[in-house]
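K.L.:
Structure below; questions to follow.
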Amino acid sequence: MQWKHKDLLDISQLSADEVRHVLATAAYFREINSRPVKKVPTLKGRSVVLFFAEASTRTKTSFDMAGKRLSADTFALAKSGSSLVKGETLKDTALTLQAMNPDGIVIRHASSGAAQFLAERLECSVINAGDGRHAHPTQALLDALTLSRRWNGDFAGKTVLILGDIAHSRVARSNVILLTKLGAQVRLCGPRTLLPPRLDTWPVTVFSDLGQAARGADAVMCLRLQLERQQAGLLPDLREYARTFGLSPRHLALAAPNACVLHPGPINRGVEIDSGLADSAESLILEQVENGVAVRMALLYLYLTRKSPDAAQPGIPA
């Protein structure tokens, strides 16, 4: 497939076939990551700026590792180390970075739409690593790869429950779009104060009772509870939340046979998910982290080589 997109801003940009192409490419790079020598020269000579204006461990590290394993030069920039703290606008910071001629910029920002703002002004590829409450497309893709490996690529007829703080979650929004695009049915469950408005326009089924929501589900995706929501008055008490909406073994027992558990991290153990369940055989949390590197390798490859007519195709690098 000839990759036609300049930027990755939202999962809605990609067709189902393009998503499957990303997952197939990521599966190839996942095999490379299992070798004793994990580096290939695919992006040698290309440069990627990791512009993270919001805290991150998993996403930033996996993009950095993905770039290095493809032999790209990666340069990390945090908000605290940039001129943003001196009052410089996001536009001027972006134009400054563009003047250095990178091949791609990976951005995480607390403001929804920040990635699109950059993409409309820059010539290089922009990959959204999370913008406000809007979207987190690379997380949704690595979740899809994780479930695809579990289900042998067949999402049809599968039911995925997304549990927790839906209203403030960019992960939930991107996963709803992607999972339904691949043929899965999506359920949402969480406190009423943590559900977004107009859910009747979403292609989902909404539950207020976790036991009912978990019944027959093939996968349960727990979301990080942003603890500041309690201070904002959206939650009365963390203990009550954990008792009512925290995933436990008794809830998973109601799910379909061989049901699995996912979480984008970081985990608040004992709040969103039982600590033992997070470490159980049903948990795919660490596999998600592993797949994150492969997916981000695939994305850097596809977006940074799209203009090159003789770009190496998956399977070529030894």
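By order of appearance in the structure tokens: chains A, B, ..., then residues from 1 within every chain, and ligands from 1 in the order shown.
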Can you tell me, as a list in words, what residues are no more than 6 Å from stretch 291-303 of chain A when counting only C-alpha atoms, ignoring any on the same chain fewer than 5 positions away?
P.N.:
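Listed by chain and then number, they are Thr25, Ala26, Phe29, Arg30, Ser62, Phe63, Ala66 and Leu142 of chain A.
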K.L.:
Go ahead and write the selection's residues with all heavy atoms as a PDB file, in the first residue's frame.
P.N.:
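The result, written out as part11.pdb:
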ATOM      1  N   THR A  25       2.272  -4.045   9.363  1.00  0.00           N
ATOM      2  CA  THR A  25       3.629  -3.499   9.386  1.00  0.00           C
ATOM      3  C   THR A  25       4.208  -3.572  10.792  1.00  0.00           C
ATOM      4  O   THR A  25       5.383  -3.920  10.984  1.00  0.00           O
ATOM      5  CB  THR A  25       3.623  -2.036   8.891  1.00  0.00           C
ATOM      6  OG1 THR A  25       2.961  -1.971   7.619  1.00  0.00           O
ATOM      7  CG2 THR A  25       5.038  -1.505   8.746  1.00  0.00           C
ATOM      8  N   ALA A  26       3.374  -3.286  11.787  1.00  0.00           N
ATOM      9  CA  ALA A  26       3.825  -3.362  13.175  1.00  0.00           C
ATOM     10  C   ALA A  26       4.173  -4.797  13.566  1.00  0.00           C
ATOM     11  O   ALA A  26       5.129  -5.032  14.322  1.00  0.00           O
ATOM     12  CB  ALA A  26       2.742  -2.811  14.103  1.00  0.00           C
ATOM     13  N   PHE A  29       7.651  -5.406  12.453  1.00  0.00           N
ATOM     14  CA  PHE A  29       8.645  -4.777  13.319  1.00  0.00           C
ATOM     15  C   PHE A  29       8.664  -5.419  14.702  1.00  0.00           C
ATOM     16  O   PHE A  29       9.695  -5.398  15.381  1.00  0.00           O
ATOM     17  CB  PHE A  29       8.374  -3.277  13.429  1.00  0.00           C
ATOM     18  CG  PHE A  29       8.786  -2.508  12.200  1.00  0.00           C
ATOM     19  CD1 PHE A  29       7.860  -1.773  11.475  1.00  0.00           C
ATOM     20  CD2 PHE A  29      10.098  -2.541  11.745  1.00  0.00           C
ATOM     21  CE1 PHE A  29       8.232  -1.079  10.334  1.00  0.00           C
ATOM     22  CE2 PHE A  29      10.486  -1.861  10.601  1.00  0.00           C
ATOM     23  CZ  PHE A  29       9.555  -1.127   9.898  1.00  0.00           C
ATOM     24  N   ARG A  30       7.554  -5.999  15.113  1.00  0.00           N
ATOM     25  CA  ARG A  30       7.544  -6.715  16.386  1.00  0.00           C
ATOM     26  C   ARG A  30       8.499  -7.909  16.336  1.00  0.00           C
ATOM     27  O   ARG A  30       9.166  -8.229  17.324  1.00  0.00           O
ATOM     28  CB  ARG A  30       6.123  -7.189  16.700  1.00  0.00           C
ATOM     29  CG  ARG A  30       5.915  -7.649  18.141  1.00  0.00           C
ATOM     30  CD  ARG A  30       4.472  -8.086  18.368  1.00  0.00           C
ATOM     31  NE  ARG A  30       4.213  -8.319  19.768  1.00  0.00           N
ATOM     32  CZ  ARG A  30       4.558  -9.408  20.438  1.00  0.00           C
ATOM     33  NH1 ARG A  30       5.171 -10.380  19.803  1.00  0.00           N
ATOM     34  NH2 ARG A  30       4.281  -9.533  21.716  1.00  0.00           N
ATOM     35  N   SER A  62       8.697   4.953  24.164  1.00  0.00           N
ATOM     36  CA  SER A  62       8.526   4.001  23.058  1.00  0.00           C
ATOM     37  C   SER A  62       8.737   4.666  21.710  1.00  0.00           C
ATOM     38  O   SER A  62       9.282   4.044  20.784  1.00  0.00           O
ATOM     39  CB  SER A  62       7.145   3.334  23.127  1.00  0.00           C
ATOM     40  OG  SER A  62       6.120   4.263  22.926  1.00  0.00           O
ATOM     41  N   PHE A  63       8.351   5.935  21.549  1.00  0.00           N
ATOM     42  CA  PHE A  63       8.654   6.640  20.302  1.00  0.00           C
ATOM     43  C   PHE A  63      10.165   6.824  20.153  1.00  0.00           C
ATOM     44  O   PHE A  63      10.715   6.681  19.056  1.00  0.00           O
ATOM     45  CB  PHE A  63       7.962   8.000  20.272  1.00  0.00           C
ATOM     46  CG  PHE A  63       6.674   8.012  19.496  1.00  0.00           C
ATOM     47  CD1 PHE A  63       5.476   8.261  20.145  1.00  0.00           C
ATOM     48  CD2 PHE A  63       6.655   7.783  18.129  1.00  0.00           C
ATOM     49  CE1 PHE A  63       4.275   8.274  19.435  1.00  0.00           C
ATOM     50  CE2 PHE A  63       5.474   7.792  17.418  1.00  0.00           C
ATOM     51  CZ  PHE A  63       4.268   8.035  18.073  1.00  0.00           C
ATOM     52  N   ALA A  66      11.547   3.482  19.292  1.00  0.00           N
ATOM     53  CA  ALA A  66      11.146   3.123  17.927  1.00  0.00           C
ATOM     54  C   ALA A  66      12.023   3.827  16.904  1.00  0.00           C
ATOM     55  O   ALA A  66      12.498   3.210  15.937  1.00  0.00           O
ATOM     56  CB  ALA A  66       9.675   3.492  17.702  1.00  0.00           C
ATOM     57  N   LEU A 142      -1.974   0.485  19.144  1.00  0.00           N
ATOM     58  CA  LEU A 142      -1.255  -0.564  19.872  1.00  0.00           C
ATOM     59  C   LEU A 142      -2.240  -1.456  20.625  1.00  0.00           C
ATOM     60  O   LEU A 142      -1.995  -2.660  20.783  1.00  0.00           O
ATOM     61  CB  LEU A 142      -0.195   0.032  20.796  1.00  0.00           C
ATOM     62  CG  LEU A 142      -0.610   0.748  22.084  1.00  0.00           C
ATOM     63  CD1 LEU A 142      -0.762  -0.213  23.252  1.00  0.00           C
ATOM     64  CD2 LEU A 142       0.424   1.812  22.451  1.00  0.00           C
TER      65      LEU A 142
END
K.L.:
List as number ranges by chain the protein and nucleic acid residues near A:His109, meaning an atom at most 8 Å away when only C-alpha atoms are counted, but skip any in the same chain fewer than 2 places from it.
P.N.:
A: 52-54, 107, 111-112, 114-115, 130-132
K.L.:
Would you mind exporting the chosen residues as a PDB file, in the first residue's frame, restricted to C-alpha atoms?
P.N.:
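Here's the written file part-v2.pdb:
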ATOM      1  CA  PHE A  52       6.233  16.428  24.670  1.00  0.00           C
ATOM      2  CA  ALA A  53       4.624  19.409  26.378  1.00  0.00           C
ATOM      3  CA  GLU A  54       2.856  17.047  28.770  1.00  0.00           C
ATOM      4  CA  ILE A 107       3.701  15.947  19.725  1.00  0.00           C
ATOM      5  CA  SER A 111      -4.650  21.284  24.499  1.00  0.00           C
ATOM      6  CA  SER A 112      -7.063  19.478  22.187  1.00  0.00           C
ATOM      7  CA  ALA A 114      -2.585  21.139  19.179  1.00  0.00           C
ATOM      8  CA  ALA A 115      -1.422  18.425  16.770  1.00  0.00           C
ATOM      9  CA  GLY A 130      -2.110  12.656  22.636  1.00  0.00           C
ATOM     10  CA  ASP A 131      -3.802  16.059  22.615  1.00  0.00           C
ATOM     11  CA  GLY A 132      -6.024  17.052  25.516  1.00  0.00           C
TER      12      GLY A 132
END
K.L.:
Select, from A:Asp10, A:Thr180, A:Arg58, A:Lys4, the residue with the minimum atom-to-atom distance to A:Gly113, counting only C-alpha atoms.
P.N.:
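Using only C-alpha atoms, the shortest distance to A:Gly113 belongs to A:Asp10.
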K.L.:
Within 12 Å of A:Glu240, counting only C-alpha atoms, which residues show up once you throw out same-chain ones fewer than 5 positions away? Write them as a compact mmCIF listing (two decimals) with all heavy atoms, in the first residue's frame, please.
P.N.:
# COMPACT_ATOMS: atom_id res chain seq x y z
N PRO A 191 -19.02 6.10 36.23
CA PRO A 191 -19.93 6.97 36.97
C PRO A 191 -20.57 8.00 36.04
O PRO A 191 -19.95 8.44 35.07
CB PRO A 191 -19.02 7.65 38.00
CG PRO A 191 -17.78 6.82 38.05
CD PRO A 191 -17.63 6.20 36.70
N GLN A 230 -11.48 13.81 41.72
CA GLN A 230 -12.06 13.77 43.05
C GLN A 230 -12.03 15.16 43.68
O GLN A 230 -13.01 15.62 44.26
CB GLN A 230 -11.31 12.78 43.95
CG GLN A 230 -11.98 12.64 45.32
CD GLN A 230 -11.19 11.73 46.24
OE1 GLN A 230 -10.11 11.26 45.89
NE2 GLN A 230 -11.71 11.48 47.42
N LEU A 235 -16.12 12.97 42.03
CA LEU A 235 -16.15 11.68 42.72
C LEU A 235 -16.26 11.94 44.22
O LEU A 235 -15.53 12.78 44.75
CB LEU A 235 -14.87 10.88 42.44
CG LEU A 235 -14.66 10.34 41.03
CD1 LEU A 235 -13.27 9.76 40.91
CD2 LEU A 235 -15.70 9.30 40.71
N PHE A 245 -16.69 0.63 40.60
CA PHE A 245 -16.23 0.60 39.21
C PHE A 245 -14.81 0.06 39.04
O PHE A 245 -14.28 0.10 37.93
CB PHE A 245 -16.32 2.01 38.61
CG PHE A 245 -17.73 2.52 38.48
CD1 PHE A 245 -18.24 3.42 39.41
CD2 PHE A 245 -18.55 2.07 37.46
CE1 PHE A 245 -19.53 3.89 39.30
CE2 PHE A 245 -19.85 2.54 37.34
CZ PHE A 245 -20.35 3.44 38.26
N GLY A 246 -14.20 -0.41 40.10
CA GLY A 246 -12.89 -1.03 39.97
C GLY A 246 -13.02 -2.47 39.49
O GLY A 246 -13.84 -3.24 40.02
N GLY A 270 -5.59 -1.02 42.76
CA GLY A 270 -6.60 -1.03 43.81
C GLY A 270 -7.69 0.00 43.62
O GLY A 270 -8.63 0.06 44.41
N VAL A 271 -7.57 0.83 42.58
CA VAL A 271 -8.59 1.82 42.29
C VAL A 271 -9.32 1.44 41.00
O VAL A 271 -10.49 1.07 41.03
CB VAL A 271 -7.99 3.24 42.17
CG1 VAL A 271 -9.08 4.26 41.83
CG2 VAL A 271 -7.29 3.63 43.47
N GLU A 272 -8.63 1.50 39.86
CA GLU A 272 -9.27 1.12 38.59
C GLU A 272 -9.29 -0.39 38.41
O GLU A 272 -10.18 -0.93 37.73
CB GLU A 272 -8.50 1.70 37.41
CG GLU A 272 -8.33 3.19 37.45
CD GLU A 272 -6.87 3.61 37.42
OE1 GLU A 272 -6.00 2.77 37.22
OE2 GLU A 272 -6.64 4.80 37.62
K.L.:
Can you pull out every residue within 10 Å of A:Lys68, counting only C-alpha atoms, but drop anything in the same chain fewer than 6 positions away, and send it as a list in words?
P.N.:
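These residues fall inside the cut-off: Lys38, Lys39, Val40, Pro41, Leu43, Lys44, Ser47, Val48, Ser62, Thr74 and Met297 of chain A.
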K.L.:
Would you mind exporting N, CA and C atoms of the selected residues as a PDB file, in the first residue's frame?
P.N.:
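Written out: result-v6.pdb:
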ATOM      1  N   LYS A  38      18.412  -5.510  17.535  1.00  0.00           N
ATOM      2  CA  LYS A  38      17.080  -4.981  17.260  1.00  0.00           C
ATOM      3  C   LYS A  38      17.090  -3.753  16.350  1.00  0.00           C
ATOM      4  N   LYS A  39      18.221  -3.437  15.767  1.00  0.00           N
ATOM      5  CA  LYS A  39      18.330  -2.215  14.985  1.00  0.00           C
ATOM      6  C   LYS A  39      18.402  -2.515  13.500  1.00  0.00           C
ATOM      7  N   VAL A  40      17.654  -1.725  12.697  1.00  0.00           N
ATOM      8  CA  VAL A  40      17.685  -1.843  11.243  1.00  0.00           C
ATOM      9  C   VAL A  40      17.932  -0.453  10.653  1.00  0.00           C
ATOM     10  N   PRO A  41      18.476  -0.371   9.440  1.00  0.00           N
ATOM     11  CA  PRO A  41      18.843   0.942   8.877  1.00  0.00           C
ATOM     12  C   PRO A  41      17.717   1.646   8.122  1.00  0.00           C
ATOM     13  N   LEU A  43      15.450   3.944   8.573  1.00  0.00           N
ATOM     14  CA  LEU A  43      15.297   5.405   8.593  1.00  0.00           C
ATOM     15  C   LEU A  43      16.625   6.114   8.835  1.00  0.00           C
ATOM     16  N   LYS A  44      17.700   5.486   8.434  1.00  0.00           N
ATOM     17  CA  LYS A  44      19.020   6.100   8.618  1.00  0.00           C
ATOM     18  C   LYS A  44      19.078   7.440   7.880  1.00  0.00           C
ATOM     19  N   SER A  47      15.375  12.382  10.766  1.00  0.00           N
ATOM     20  CA  SER A  47      15.350  12.913  12.131  1.00  0.00           C
ATOM     21  C   SER A  47      13.920  13.119  12.607  1.00  0.00           C
ATOM     22  N   VAL A  48      13.718  12.868  13.897  1.00  0.00           N
ATOM     23  CA  VAL A  48      12.399  12.983  14.517  1.00  0.00           C
ATOM     24  C   VAL A  48      12.528  13.801  15.796  1.00  0.00           C
ATOM     25  N   SER A  62       8.697   4.953  24.164  1.00  0.00           N
ATOM     26  CA  SER A  62       8.526   4.001  23.058  1.00  0.00           C
ATOM     27  C   SER A  62       8.737   4.666  21.710  1.00  0.00           C
ATOM     28  N   THR A  74      16.729  10.879  16.964  1.00  0.00           N
ATOM     29  CA  THR A  74      15.611  11.430  17.723  1.00  0.00           C
ATOM     30  C   THR A  74      16.107  12.505  18.677  1.00  0.00           C
ATOM     31  N   MET A 297       7.158   2.146  15.592  1.00  0.00           N
ATOM     32  CA  MET A 297       8.115   1.904  14.522  1.00  0.00           C
ATOM     33  C   MET A 297       7.396   1.889  13.170  1.00  0.00           C
TER      34      MET A 297
END
K.L.:
Let me make sure I understand: among A:Arg69, A:Asp17, A:Leu145, A:Asp7, which one has the smallest atom-to-atom distance to A:Leu122 if we use only C-alpha atoms?
P.N.:
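Answer, going by the shortest atom-to-atom distance: A:Asp7.
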K.L.:
Based on the backbone DSSP call, show me all residues of stretch 3-146 of chain A assigned alpha helix (DSSP H), as an MDAnalysis selection string.
P.N.:
chainID A and resid 16:32 58:69 90:99 114:119 137:146
K.L.:
With a distance cut-off of 10 Å and only C-alpha atoms, select the neighbouring residues of A:Val176, excluding the residue or stretch itself and same-chain residues fewer than 3 positions from it, and output the selection as a PyMOL selection string.
P.N.:
chain A and resi 11+140+160-162+171-173+179-181+184-188+202-204
K.L.:
Would you kindly return, as a list in words, each protein, DNA or RNA residue with an atom no farther than 10 Å from any atom of A:Gly211, considering only C-alpha atoms and excluding same-chain residues fewer than 2 positions away?
P.N.:
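With the cut-off at 10 Å, the set is Cys189, Phe207, Ser208, Asp209, Ala213, Ala214, Arg215, Thr244, Phe245, Leu247, Arg250, His251, Leu252, Ala253, Leu254 and Ala255 of chain A.
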K.L.:
May I have the residues from that selection written out with N, CA and C atoms, as a short mmCIF file (atom, residue, chain, number, x, y, z; two decimals), in the first residue's frame?
P.N.:
data_model
loop_
_atom_site.label_atom_id
_atom_site.label_comp_id
_atom_site.auth_asym_id
_atom_site.auth_seq_id
_atom_site.Cartn_x
_atom_site.Cartn_y
_atom_site.Cartn_z
N CYS A 189 -18.73 1.97 30.48
CA CYS A 189 -19.26 1.92 31.84
C CYS A 189 -18.45 2.86 32.71
N PHE A 207 -23.50 1.36 30.10
CA PHE A 207 -23.95 0.67 31.30
C PHE A 207 -23.59 1.50 32.53
N SER A 208 -24.43 1.40 33.56
CA SER A 208 -24.11 2.02 34.83
C SER A 208 -23.70 1.00 35.88
N ASP A 209 -23.94 -0.28 35.60
CA ASP A 209 -23.58 -1.36 36.51
C ASP A 209 -22.46 -2.19 35.91
N ALA A 213 -22.22 -4.79 32.65
CA ALA A 213 -21.36 -4.39 31.54
C ALA A 213 -20.33 -5.46 31.21
N ALA A 214 -19.82 -6.14 32.24
CA ALA A 214 -18.76 -7.14 32.03
C ALA A 214 -19.30 -8.46 31.50
N ARG A 215 -20.59 -8.70 31.67
CA ARG A 215 -21.15 -10.00 31.30
C ARG A 215 -20.98 -10.27 29.80
N THR A 244 -17.23 0.24 43.35
CA THR A 244 -18.33 0.22 42.37
C THR A 244 -17.84 0.01 40.94
N PHE A 245 -16.69 0.63 40.60
CA PHE A 245 -16.23 0.60 39.21
C PHE A 245 -14.81 0.06 39.04
N LEU A 247 -12.25 -2.84 38.49
CA LEU A 247 -12.35 -4.20 37.93
C LEU A 247 -11.72 -5.20 38.88
N ARG A 250 -14.03 -11.05 40.36
CA ARG A 250 -15.44 -11.47 40.29
C ARG A 250 -16.14 -10.85 39.08
N HIS A 251 -15.72 -9.65 38.69
CA HIS A 251 -16.29 -9.06 37.48
C HIS A 251 -15.80 -9.80 36.24
N LEU A 252 -14.51 -10.12 36.21
CA LEU A 252 -13.97 -10.80 35.04
C LEU A 252 -14.55 -12.20 34.90
N ALA A 253 -14.97 -12.79 36.01
CA ALA A 253 -15.59 -14.11 35.95
C ALA A 253 -16.90 -14.08 35.19
N LEU A 254 -17.53 -12.91 35.09
CA LEU A 254 -18.78 -12.77 34.35
C LEU A 254 -18.55 -12.60 32.85
N ALA A 255 -17.31 -12.29 32.48
CA ALA A 255 -16.98 -12.05 31.07
C ALA A 255 -16.94 -13.35 30.29
#
K.L.:
Excluding same-chain residues fewer than 4 positions from A:Cys222, what lies within 8 Å of it counting only C-alpha atoms, as a list in words?
P.N.:
Ile162, Leu163, Gly164, Leu247, Val261, Leu262, His263, Pro264, Glu272 and Ile273 of chain A
K.L.:
Next, dump the selected residues to file, keeping only N, CA, C and O atoms, as an mmCIF file, in the first residue's frame.
P.N.:
data_model
loop_
_atom_site.group_PDB
_atom_site.id
_atom_site.type_symbol
_atom_site.label_atom_id
_atom_site.label_comp_id
_atom_site.auth_asym_id
_atom_site.auth_seq_id
_atom_site.Cartn_x
_atom_site.Cartn_y
_atom_site.Cartn_z
ATOM 1 N N ILE A 162 -15.058 -0.662 27.748
ATOM 2 C CA ILE A 162 -14.149 0.395 28.174
ATOM 3 C C ILE A 162 -14.703 0.955 29.474
ATOM 4 O O ILE A 162 -15.846 1.411 29.533
ATOM 5 N N LEU A 163 -13.896 0.921 30.520
ATOM 6 C CA LEU A 163 -14.365 1.153 31.886
ATOM 7 C C LEU A 163 -13.644 2.310 32.550
ATOM 8 O O LEU A 163 -12.412 2.370 32.534
ATOM 9 N N GLY A 164 -14.411 3.250 33.127
ATOM 10 C CA GLY A 164 -13.779 4.285 33.933
ATOM 11 C C GLY A 164 -14.148 5.692 33.520
ATOM 12 O O GLY A 164 -15.299 5.992 33.181
ATOM 13 N N LEU A 247 -12.251 -2.844 38.489
ATOM 14 C CA LEU A 247 -12.347 -4.198 37.929
ATOM 15 C C LEU A 247 -11.715 -5.204 38.876
ATOM 16 O O LEU A 247 -10.560 -5.052 39.281
ATOM 17 N N VAL A 261 -7.640 -8.431 29.846
ATOM 18 C CA VAL A 261 -7.699 -7.126 30.495
ATOM 19 C C VAL A 261 -6.608 -6.231 29.915
ATOM 20 O O VAL A 261 -5.458 -6.662 29.758
ATOM 21 N N LEU A 262 -6.964 -4.978 29.611
ATOM 22 C CA LEU A 262 -5.997 -4.001 29.114
ATOM 23 C C LEU A 262 -6.066 -2.739 29.970
ATOM 24 O O LEU A 262 -7.073 -2.472 30.630
ATOM 25 N N HIS A 263 -5.000 -1.966 29.926
ATOM 26 C CA HIS A 263 -4.939 -0.681 30.630
ATOM 27 C C HIS A 263 -3.838 0.135 29.970
ATOM 28 O O HIS A 263 -2.720 -0.341 29.801
ATOM 29 N N PRO A 264 -4.124 1.400 29.592
ATOM 30 C CA PRO A 264 -3.095 2.201 28.909
ATOM 31 C C PRO A 264 -1.983 2.673 29.832
ATOM 32 O O PRO A 264 -0.928 3.077 29.356
ATOM 33 N N GLU A 272 -8.634 1.505 39.856
ATOM 34 C CA GLU A 272 -9.266 1.118 38.592
ATOM 35 C C GLU A 272 -9.294 -0.394 38.406
ATOM 36 O O GLU A 272 -10.178 -0.926 37.735
ATOM 37 N N ILE A 273 -8.335 -1.064 38.982
ATOM 38 C CA ILE A 273 -8.196 -2.500 38.761
ATOM 39 C C ILE A 273 -7.563 -3.151 39.983
ATOM 40 O O ILE A 273 -6.688 -2.568 40.636
#
K.L.:
Let's see if you can do this: from backbone DSSP, list all strand (DSSP E) residues in stretch 182-310 of chain A, as a JSON list (two decimals) with N, CA and C atoms, in the first residue's frame.
P.N.:
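What landed in part33.json:
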[["chain", "number", "residue", "atom", "x", "y", "z"],
["A", 185, "GLN", "N", -17.92, -4.68, 18.88],
["A", 185, "GLN", "CA", -18.96, -3.95, 19.59],
["A", 185, "GLN", "C", -18.34, -3.35, 20.85],
["A", 186, "VAL", "N", -18.68, -2.11, 21.14],
["A", 186, "VAL", "CA", -18.06, -1.42, 22.27],
["A", 186, "VAL", "C", -19.10, -1.07, 23.32],
["A", 187, "ARG", "N", -18.76, -1.35, 24.58],
["A", 187, "ARG", "CA", -19.57, -0.96, 25.72],
["A", 187, "ARG", "C", -18.79, 0.07, 26.55],
["A", 188, "LEU", "N", -19.50, 0.98, 27.17],
["A", 188, "LEU", "CA", -18.90, 1.94, 28.08],
["A", 188, "LEU", "C", -19.55, 1.80, 29.44],
["A", 189, "CYS", "N", -18.73, 1.97, 30.48],
["A", 189, "CYS", "CA", -19.26, 1.92, 31.84],
["A", 189, "CYS", "C", -18.45, 2.86, 32.71],
["A", 204, "VAL", "N", -22.01, 3.01, 20.69],
["A", 204, "VAL", "CA", -21.69, 2.23, 21.88],
["A", 204, "VAL", "C", -22.96, 1.90, 22.65],
["A", 205, "THR", "N", -22.83, 0.95, 23.59],
["A", 205, "THR", "CA", -23.87, 0.65, 24.57],
["A", 205, "THR", "C", -23.35, 1.09, 25.93],
["A", 206, "VAL", "N", -24.15, 1.84, 26.67],
["A", 206, "VAL", "CA", -23.70, 2.42, 27.93],
["A", 206, "VAL", "C", -24.34, 1.68, 29.10],
["A", 207, "PHE", "N", -23.50, 1.36, 30.10],
["A", 207, "PHE", "CA", -23.95, 0.67, 31.30],
["A", 207, "PHE", "C", -23.59, 1.50, 32.53],
["A", 219, "ALA", "N", -13.12, -8.53, 26.14],
["A", 219, "ALA", "CA", -11.97, -7.77, 26.66],
["A", 219, "ALA", "C", -12.50, -6.61, 27.49],
["A", 220, "VAL", "N", -11.76, -6.28, 28.54],
["A", 220, "VAL", "CA", -12.10, -5.13, 29.38],
["A", 220, "VAL", "C", -10.91, -4.19, 29.39],
["A", 221, "MET", "N", -11.15, -2.96, 28.96],
["A", 221, "MET", "CA", -10.10, -1.95, 28.92],
["A", 221, "MET", "C", -10.35, -0.95, 30.04],
["A", 222, "CYS", "N", -9.52, -0.99, 31.07],
["A", 222, "CYS", "CA", -9.65, -0.05, 32.18],
["A", 222, "CYS", "C", -8.93, 1.25, 31.82],
["A", 260, "CYS", "N", -9.75, -10.95, 28.30],
["A", 260, "CYS", "CA", -8.47, -10.35, 28.66],
["A", 260, "CYS", "C", -8.68, -8.94, 29.20],
["A", 261, "VAL", "N", -7.64, -8.43, 29.85],
["A", 261, "VAL", "CA", -7.70, -7.13, 30.49],
["A", 261, "VAL", "C", -6.61, -6.23, 29.91],
["A", 262, "LEU", "N", -6.96, -4.98, 29.61],
["A", 262, "LEU", "CA", -6.00, -4.00, 29.11],
["A", 262, "LEU", "C", -6.07, -2.74, 29.97]]
K.L.:
Could you state the separation of atom CA of A:Gln98 and atom CA of A:Thr57 in Å, given to one decimal place?
P.N.:
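The value is 24.8 Å.
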K.L.:
Considering only C-alpha atoms, tabulate each residue of stretch 80-165 of chain A that lies at most 12 Å from stretch 276-287 of chain A along with its nearest interatomic pair and the corresponding distance in Å to one decimal; arrange the rows by chain and ascending residue number and present them as CSV.
P.N.:
residue,atom,partner,partner_atom,distance
A:Leu142,CA,A:Glu287,CA,9.4
A:Asp143,CA,A:Glu287,CA,9.4
A:Ala144,CA,A:Glu287,CA,11.6
A:Leu145,CA,A:Glu287,CA,9.7
A:Thr146,CA,A:Glu287,CA,6.9
A:Leu147,CA,A:Leu284,CA,8.9
A:Ser148,CA,A:Leu284,CA,12.0
A:Arg149,CA,A:Glu287,CA,10.2
A:Arg150,CA,A:Leu284,CA,9.4
K.L.:
Given the choices A:Arg192, A:His21, A:His168, A:Arg239, which gets closest to A:Arg224 if the distance is worked out from only C-alpha atoms?
P.N.:
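For A:Arg224, the nearest of the given residues is A:His168.
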K.L.:
A:Cys124, A:Leu90, A:Ala167, A:Leu182: which is nearest A:Phe155, counting only C-alpha atoms?
P.N.:
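The answer is A:Leu182, which sits nearest to A:Phe155.
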